[in-house]
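Enquirer: Coordinates in data-v4.csv, CSV, C-alpha atoms, are listed below.
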chain,number,residue,atom,x,y,z
I,129,MET,CA,0.0,0.0,0.0
I,130,LYS,CA,1.4,3.3,-1.0
I,131,THR,CA,0.4,6.8,-2.2
I,132,VAL,CA,0.7,7.0,-6.0
I,133,ASN,CA,1.7,10.4,-7.4
I,134,LEU,CA,0.3,10.6,-10.9
I,135,ALA,CA,2.5,13.4,-12.1
I,136,GLU,CA,5.6,11.5,-11.0
I,137,LYS,CA,4.4,8.4,-12.9
I,138,LEU,CA,3.6,10.5,-16.0
I,139,ALA,CA,7.1,11.9,-15.9
I,140,GLN,CA,8.6,8.4,-16.4
I,141,PHE,CA,7.6,8.1,-20.1
I,142,ASP,CA,7.1,10.2,-23.2
I,143,SER,CA,5.2,7.9,-25.5
I,144,HIS,CA,1.7,8.5,-26.6
I,145,TRP,CA,-1.2,6.0,-26.6
I,146,ASP,CA,0.9,3.8,-24.3
I,147,PRO,CA,-0.9,3.2,-21.0
I,148,HIS,CA,1.3,2.5,-17.9
I,149,VAL,CA,-0.3,0.6,-15.0
I,150,VAL,CA,0.2,2.4,-11.6
I,151,ALA,CA,-2.2,0.5,-9.4
I,152,ASP,CA,-4.8,-2.3,-9.2
I,153,TYR,CA,-8.4,-1.8,-8.1
I,154,ASN,CA,-10.4,-5.0,-7.9
I,155,GLY,CA,-8.8,-6.6,-10.9
I,156,ASN,CA,-8.8,-3.4,-12.9
I,157,ASP,CA,-5.7,-1.7,-14.2
I,158,VAL,CA,-5.5,1.9,-13.1
I,159,MET,CA,-3.3,3.5,-15.7
I,160,VAL,CA,-1.8,6.8,-16.7
I,161,VAL,CA,-1.5,7.6,-20.4
I,162,LYS,CA,-0.6,10.5,-22.7
I,163,PHE,CA,-2.8,11.2,-25.7
I,164,GLN,CA,-1.7,13.2,-28.8
I,165,GLY,CA,-3.1,12.8,-32.2
I,166,GLU,CA,-5.9,10.3,-33.0
I,167,PHE,CA,-6.4,6.8,-31.8
I,168,PRO,CA,-8.3,4.3,-34.1
I,169,PHE,CA,-12.0,4.0,-33.6
I,170,HIS,CA,-12.7,0.8,-31.6
I,171,ASP,CA,-14.9,-0.6,-28.9
I,172,HIS,CA,-14.7,-2.9,-25.9
I,173,PRO,CA,-17.5,-5.4,-26.1
I,174,ASP,CA,-17.3,-6.5,-22.5
I,175,THR,CA,-16.4,-3.4,-20.5
I,176,ASP,CA,-16.9,0.3,-19.9
I,177,ASP,CA,-13.9,2.5,-20.5
I,178,PHE,CA,-13.1,5.1,-17.8
I,179,PHE,CA,-11.2,8.3,-18.8
I,180,LEU,CA,-10.4,11.2,-16.4
I,181,VAL,CA,-8.4,14.0,-17.9
I,182,LEU,CA,-5.6,15.1,-15.5
I,183,GLU,CA,-4.0,17.8,-17.7
I,184,GLY,CA,-4.8,19.2,-21.1
I,185,GLU,CA,-7.9,18.5,-23.2
I,186,MET,CA,-9.1,15.7,-25.3
I,187,THR,CA,-12.1,15.0,-27.6
I,188,MET,CA,-14.1,11.7,-27.4
I,189,ASP,CA,-15.5,11.0,-30.9
I,190,LEU,CA,-18.5,8.7,-31.0
I,191,ASP,CA,-20.7,7.7,-33.9
I,192,GLY,CA,-22.1,11.0,-34.9
I,193,ALA,CA,-21.2,13.0,-31.8
I,194,HIS,CA,-18.1,14.3,-30.1
I,195,HIS,CA,-17.5,15.4,-26.5
I,196,THR,CA,-14.7,17.7,-25.2
I,197,VAL,CA,-13.2,16.5,-22.0
I,198,LYS,CA,-10.9,18.9,-20.1
I,199,ALA,CA,-8.7,18.6,-17.0
I,200,GLY,CA,-10.9,17.7,-14.0
I,201,GLU,CA,-13.5,16.0,-16.2
I,202,LEU,CA,-14.3,12.4,-16.7
I,203,PHE,CA,-16.0,10.5,-19.5
I,204,ILE,CA,-17.1,6.9,-19.3
I,205,VAL,CA,-17.7,5.1,-22.6
I,206,PRO,CA,-20.2,2.3,-22.0
I,207,LYS,CA,-19.3,-1.2,-23.2
I,208,GLY,CA,-19.8,-1.9,-26.9
I,209,VAL,CA,-19.9,1.8,-27.9
I,210,THR,CA,-17.5,2.7,-30.7
I,211,HIS,CA,-15.2,5.5,-29.7
I,212,ARG,CA,-12.1,7.3,-30.6
I,213,PRO,CA,-10.1,9.5,-28.2
I,214,ARG,CA,-8.1,12.3,-29.9
I,215,ALA,CA,-6.1,15.3,-28.7
I,216,GLU,CA,-4.6,18.1,-30.7
I,217,HIS,CA,-2.0,18.8,-28.0
I,218,GLU,CA,-0.7,16.3,-25.4
I,219,CYS,CA,-3.3,15.4,-22.9
I,220,LYS,CA,-2.7,13.4,-19.7
I,221,VAL,CA,-5.3,10.9,-18.7
I,222,LEU,CA,-6.1,8.5,-15.9
I,223,LEU,CA,-7.6,5.4,-17.6
I,224,ILE,CA,-9.3,2.4,-15.9
I,225,GLU,CA,-10.0,-0.9,-17.6
I,226,PRO,CA,-10.2,-4.5,-16.4
I,227,LYS,CA,-6.9,-6.3,-16.6
I,228,GLY,CA,-6.3,-7.9,-20.0
I,229,VAL,CA,-8.5,-5.6,-22.0
I,230,PRO,CA,-6.7,-4.7,-25.3
I,231,ASN,CA,-6.5,-0.9,-25.6
I,232,THR,CA,-7.4,-1.1,-29.2
I,233,GLY,CA,-10.3,-3.5,-28.6
I,234,ASP,CA,-8.3,-6.0,-30.8
I,235,PRO,CA,-6.0,-8.4,-29.0
I,236,GLU,CA,-3.8,-8.8,-32.0
I,237,THR,CA,-2.9,-5.2,-32.2
I,238,ALA,CA,-2.9,-4.3,-28.6
I,239,ALA,CA,0.2,-3.0,-27.0
I,240,ALA,CA,1.5,-4.5,-23.7
I,241,LYS,CA,0.9,-2.3,-20.6
I,242,PRO,CA,4.0,-1.9,-18.6
I,243,HIS,CA,3.8,-1.4,-14.8
I,244,ILE,CA,5.5,1.6,-13.3
F,86,MET,CA,-23.0,9.6,-22.3
F,87,LYS,CA,-21.7,12.9,-21.2
F,88,THR,CA,-18.7,14.7,-19.9
F,89,VAL,CA,-18.7,15.0,-16.1
F,90,ASN,CA,-17.1,18.1,-14.6
F,91,LEU,CA,-16.0,17.1,-11.1
F,92,ALA,CA,-15.7,20.6,-9.7
F,93,GLU,CA,-19.2,21.4,-10.8
F,94,LYS,CA,-20.5,18.3,-9.1
F,95,LEU,CA,-18.6,19.1,-5.9
F,96,ALA,CA,-20.1,22.6,-5.9
F,97,GLN,CA,-23.6,21.1,-5.5
F,98,PHE,CA,-23.2,20.1,-1.9
F,99,ASP,CA,-21.4,21.2,1.3
F,100,SER,CA,-21.7,18.1,3.5
F,101,HIS,CA,-18.7,16.0,4.6
F,102,TRP,CA,-18.3,12.3,4.4
F,103,ASP,CA,-21.3,12.2,2.1
F,104,PRO,CA,-20.4,10.6,-1.2
F,105,HIS,CA,-22.4,11.7,-4.3
F,106,VAL,CA,-22.5,9.4,-7.3
F,107,VAL,CA,-21.6,11.1,-10.6
F,108,ALA,CA,-21.1,8.1,-12.9
F,109,ASP,CA,-21.2,4.3,-13.3
F,110,TYR,CA,-18.2,2.2,-14.4
F,111,ASN,CA,-18.9,-1.5,-14.7
F,112,GLY,CA,-21.2,-1.6,-11.7
F,113,ASN,CA,-19.0,0.7,-9.6
F,114,ASP,CA,-20.2,4.0,-8.2
F,115,VAL,CA,-17.9,6.8,-9.3
F,116,MET,CA,-18.3,9.4,-6.5
F,117,VAL,CA,-17.2,12.8,-5.4
F,118,VAL,CA,-16.9,13.4,-1.6
F,119,LYS,CA,-15.6,16.1,0.7
F,120,PHE,CA,-13.6,14.9,3.7
F,121,GLN,CA,-13.0,17.0,6.9
F,122,GLY,CA,-12.3,15.7,10.3
F,123,GLU,CA,-12.0,11.9,11.0
F,124,PHE,CA,-14.0,9.1,9.6
F,125,PRO,CA,-14.4,5.9,11.8
F,126,PHE,CA,-11.9,3.1,11.3
F,127,HIS,CA,-13.6,0.5,9.1
F,128,ASP,CA,-12.9,-2.1,6.4
F,129,HIS,CA,-14.6,-3.5,3.3
F,130,PRO,CA,-14.3,-7.2,3.4
F,131,ASP,CA,-15.2,-7.7,-0.3
F,132,THR,CA,-13.7,-4.8,-2.1
F,133,ASP,CA,-10.7,-2.5,-2.6
F,134,ASP,CA,-11.4,1.2,-1.9
F,135,PHE,CA,-10.2,3.7,-4.5
F,136,PHE,CA,-9.3,7.3,-3.4
F,137,LEU,CA,-8.0,10.0,-5.7
F,138,VAL,CA,-7.4,13.4,-4.1
F,139,LEU,CA,-8.7,16.2,-6.4
F,140,GLU,CA,-8.1,19.2,-4.1
F,141,GLY,CA,-6.5,19.5,-0.6
F,142,GLU,CA,-4.8,16.8,1.4
F,143,MET,CA,-5.9,13.8,3.4
F,144,THR,CA,-4.3,11.2,5.6
F,145,MET,CA,-5.0,7.5,5.3
F,146,ASP,CA,-4.6,5.9,8.7
F,147,LEU,CA,-4.0,2.2,8.7
F,148,ASP,CA,-3.1,-0.2,11.5
F,149,GLY,CA,0.2,1.2,12.7
F,150,ALA,CA,0.9,3.4,9.6
F,151,HIS,CA,-0.4,6.5,8.0
F,152,HIS,CA,0.0,7.9,4.5
F,153,THR,CA,-0.4,11.4,3.3
F,154,VAL,CA,-2.4,11.8,0.0
F,155,LYS,CA,-2.3,15.1,-1.8
F,156,ALA,CA,-4.1,16.5,-4.8
F,157,GLY,CA,-3.1,14.4,-7.9
F,158,GLU,CA,-2.3,11.4,-5.8
F,159,LEU,CA,-4.2,8.2,-5.4
F,160,PHE,CA,-4.4,5.6,-2.7
F,161,ILE,CA,-6.0,2.2,-3.0
F,162,VAL,CA,-6.9,0.3,0.2
F,163,PRO,CA,-7.0,-3.4,-0.5
F,164,LYS,CA,-10.1,-5.3,0.6
F,165,GLY,CA,-10.2,-6.3,4.2
F,166,VAL,CA,-7.7,-3.7,5.3
F,167,THR,CA,-8.8,-1.5,8.2
F,168,HIS,CA,-8.5,2.2,7.4
F,169,ARG,CA,-9.5,5.6,8.4
F,170,PRO,CA,-9.4,8.7,6.1
F,171,ARG,CA,-9.0,12.0,7.8
F,172,ALA,CA,-8.4,15.6,6.8
F,173,GLU,CA,-7.5,18.6,8.9
F,174,HIS,CA,-8.9,20.9,6.2
F,175,GLU,CA,-11.5,20.2,3.7
F,176,CYS,CA,-10.3,17.7,1.0
F,177,LYS,CA,-12.1,16.8,-2.2
F,178,VAL,CA,-11.8,13.2,-3.3
F,179,LEU,CA,-12.9,11.0,-6.2
F,180,LEU,CA,-14.0,7.7,-4.7
F,181,ILE,CA,-14.8,4.4,-6.5
F,182,GLU,CA,-16.5,1.5,-4.9
F,183,PRO,CA,-18.8,-1.2,-6.2
F,184,LYS,CA,-22.5,-0.3,-6.0
F,185,GLY,CA,-24.1,-1.1,-2.7
F,186,VAL,CA,-20.9,-1.0,-0.6
F,187,PRO,CA,-21.7,0.8,2.7
F,188,ASN,CA,-19.2,3.6,3.1
F,189,THR,CA,-18.6,2.7,6.8
F,190,GLY,CA,-18.2,-1.0,6.0
F,191,ASP,CA,-21.4,-1.5,8.1
F,192,PRO,CA,-24.7,-1.6,6.3
F,193,GLU,CA,-26.6,-0.4,9.3
F,194,THR,CA,-24.8,2.9,9.7
F,195,ALA,CA,-24.1,3.6,6.0
F,196,ALA,CA,-25.5,6.7,4.5
F,197,ALA,CA,-27.4,6.6,1.3
F,198,LYS,CA,-25.5,7.8,-1.7
F,199,PRO,CA,-27.4,10.4,-3.8
F,200,HIS,CA,-26.8,10.7,-7.5
F,201,ILE,CA,-26.0,14.1,-8.9
Written as C-alpha cells, that's how I'd like the structure from this file.
Expert:
Amino acid sequence: MKTVNLAEKLAQFDSHWDPHVVADYNGNDVMVVKFQGEFPFHDHPDTDDFFLVLEGEMTMDLDGAHHTVKAGELFIVPKGVTHRPRAEHECKVLLIEPKGVPNTGDPETAAAKPHI
Amino acid sequence: MKTVNLAEKLAQFDSHWDPHVVADYNGNDVMVVKFQGEFPFHDHPDTDDFFLVLEGEMTMDLDGAHHTVKAGELFIVPKGVTHRPRAEHECKVLLIEPKGVPNTGDPETAAAKPHI
C-alpha cells in the first residue's frame, strides 16, 4: 500500500497511446496515459472505459457525436460503444479498464501495458 | 454519455463524508466526496477502496501506519484492510466502490449515496 503520485508516474515516459499501470483496483488496471493525435475507432464489447483528464484537453469521438473532456472532467464510454479519443495537444489521462483488455479493442494489435 | 465536470459536481453540496454518485463504471459507483475531520476506522471485506485526491490533502490511517495523500495522488486500500481517512482541512476526493458498498463498512450505519 502506498500513495501514488500521478504526475511523477507520467514523468517516467514520453510515448503517446501507451498506458502504464500504476495500481490495481479489484482486478482493474489503473493507468496513466498520454494522448496526442488520433487513436483508431474501436470498442470494448465487455467493459466500460473510464477516462479522467488530468492535464490538457481531449475529444471523445463517438458515432455522430463528439465530446470535449478537459482537466478535471471524466468521460465513461459504455461497453460496446465505438469511440475514438483524440487530442490536438498532449493530454494526460487516468484510464481504468479491467486487466487484460486490449486498448485497441483488438487483442492482435494491442500494446503491452508496462507497470511503473 | 456525457462529460462529467467534477468541480461542478462538488459545488452542488457542502456536507462532509457524504459521497455523491456522478457516474457508473462497470457496476461501480464513481463518486465525489468532501472529507473534513476523521471518519471511523472500518474495512470493506469484499472490495478494494479507491481514493484520488482532487483538491487539498488527506491522511489515510492504517493499523500502525499513515499515508499522506495530496491533490493528484491516489491511494487504494485493499479489501479487508482496516483504514480511516481523515483531513484537517476540507479535502475533495474521487471515490470508487462497487455499487451497494456501505461507506462505513457497516450496512446499518451507512448513509445513502445520492446521484447528482
Enquirer: List every residue of chain I that has an atom at most 7 Å from any atom of chain F, and for each one report the closest atom pair and its distance in Å to one decimal, counting all atoms listed in the file, with rows sorted by chain and then by increasing residue number, as JSON lines.
Expert:
{"residue": "I:Met129", "atom": "CA", "partner": "F:Val162", "partner_atom": "CA", "distance": 6.9}
{"residue": "I:Lys130", "atom": "CA", "partner": "F:Phe160", "partner_atom": "CA", "distance": 6.5}
{"residue": "I:Thr131", "atom": "CA", "partner": "F:Phe160", "partner_atom": "CA", "distance": 5.0}
{"residue": "I:Val132", "atom": "CA", "partner": "F:Leu159", "partner_atom": "CA", "distance": 5.1}
{"residue": "I:Asn133", "atom": "CA", "partner": "F:Glu158", "partner_atom": "CA", "distance": 4.4}
{"residue": "I:Leu134", "atom": "CA", "partner": "F:Glu158", "partner_atom": "CA", "distance": 5.8}
{"residue": "I:Tyr153", "atom": "CA", "partner": "F:Asp133", "partner_atom": "CA", "distance": 6.0}
{"residue": "I:Asn154", "atom": "CA", "partner": "F:Asp133", "partner_atom": "CA", "distance": 5.9}
{"residue": "I:Thr175", "atom": "CA", "partner": "F:Asn111", "partner_atom": "CA", "distance": 6.6}
{"residue": "I:Asp176", "atom": "CA", "partner": "F:Asn111", "partner_atom": "CA", "distance": 5.9}
{"residue": "I:Phe178", "atom": "CA", "partner": "F:Tyr110", "partner_atom": "CA", "distance": 6.8}
{"residue": "I:His195", "atom": "CA", "partner": "F:Thr88", "partner_atom": "CA", "distance": 6.7}
{"residue": "I:Val197", "atom": "CA", "partner": "F:Thr88", "partner_atom": "CA", "distance": 6.2}
{"residue": "I:Gly200", "atom": "CA", "partner": "F:Leu91", "partner_atom": "CA", "distance": 5.9}
{"residue": "I:Glu201", "atom": "CA", "partner": "F:Asn90", "partner_atom": "CA", "distance": 4.5}
{"residue": "I:Leu202", "atom": "CA", "partner": "F:Val89", "partner_atom": "CA", "distance": 5.1}
{"residue": "I:Phe203", "atom": "CA", "partner": "F:Thr88", "partner_atom": "CA", "distance": 5.0}
{"residue": "I:Ile204", "atom": "CA", "partner": "F:Tyr110", "partner_atom": "CA", "distance": 6.9}
{"residue": "I:Val205", "atom": "CA", "partner": "F:Met86", "partner_atom": "CA", "distance": 7.0}
Enquirer: For the residues in that selection, give me C-alpha atoms as a PDB file, keeping the file's coordinate frame.
Expert:
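Writing the result to out.pdb gives the following:
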ATOM      1  CA  MET I 129       0.000   0.000   0.000  1.00  0.00           C
ATOM      2  CA  LYS I 130       1.400   3.300  -1.000  1.00  0.00           C
ATOM      3  CA  THR I 131       0.400   6.800  -2.200  1.00  0.00           C
ATOM      4  CA  VAL I 132       0.700   7.000  -6.000  1.00  0.00           C
ATOM      5  CA  ASN I 133       1.700  10.400  -7.400  1.00  0.00           C
ATOM      6  CA  LEU I 134       0.300  10.600 -10.900  1.00  0.00           C
ATOM      7  CA  TYR I 153      -8.400  -1.800  -8.100  1.00  0.00           C
ATOM      8  CA  ASN I 154     -10.400  -5.000  -7.900  1.00  0.00           C
ATOM      9  CA  THR I 175     -16.400  -3.400 -20.500  1.00  0.00           C
ATOM     10  CA  ASP I 176     -16.900   0.300 -19.900  1.00  0.00           C
ATOM     11  CA  PHE I 178     -13.100   5.100 -17.800  1.00  0.00           C
ATOM     12  CA  HIS I 195     -17.500  15.400 -26.500  1.00  0.00           C
ATOM     13  CA  VAL I 197     -13.200  16.500 -22.000  1.00  0.00           C
ATOM     14  CA  GLY I 200     -10.900  17.700 -14.000  1.00  0.00           C
ATOM     15  CA  GLU I 201     -13.500  16.000 -16.200  1.00  0.00           C
ATOM     16  CA  LEU I 202     -14.300  12.400 -16.700  1.00  0.00           C
ATOM     17  CA  PHE I 203     -16.000  10.500 -19.500  1.00  0.00           C
ATOM     18  CA  ILE I 204     -17.100   6.900 -19.300  1.00  0.00           C
ATOM     19  CA  VAL I 205     -17.700   5.100 -22.600  1.00  0.00           C
TER      20      VAL I 205
END
Enquirer: Choose the residue, out of F:Pro130, F:Thr167, F:Phe120, F:Lys198, that has the smallest atom-to-atom separation from Asp146 in chain F; count all atoms listed in the file.
Expert: F:Thr167
Enquirer: Could you state the separation of CA of Pro199 in chain F and CA of Glu142 in chain F in Å, given to one decimal place?
Expert: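 Between CA of Pro199 in chain F and CA of Glu142 in chain F the gap works out to 24.1 Å.
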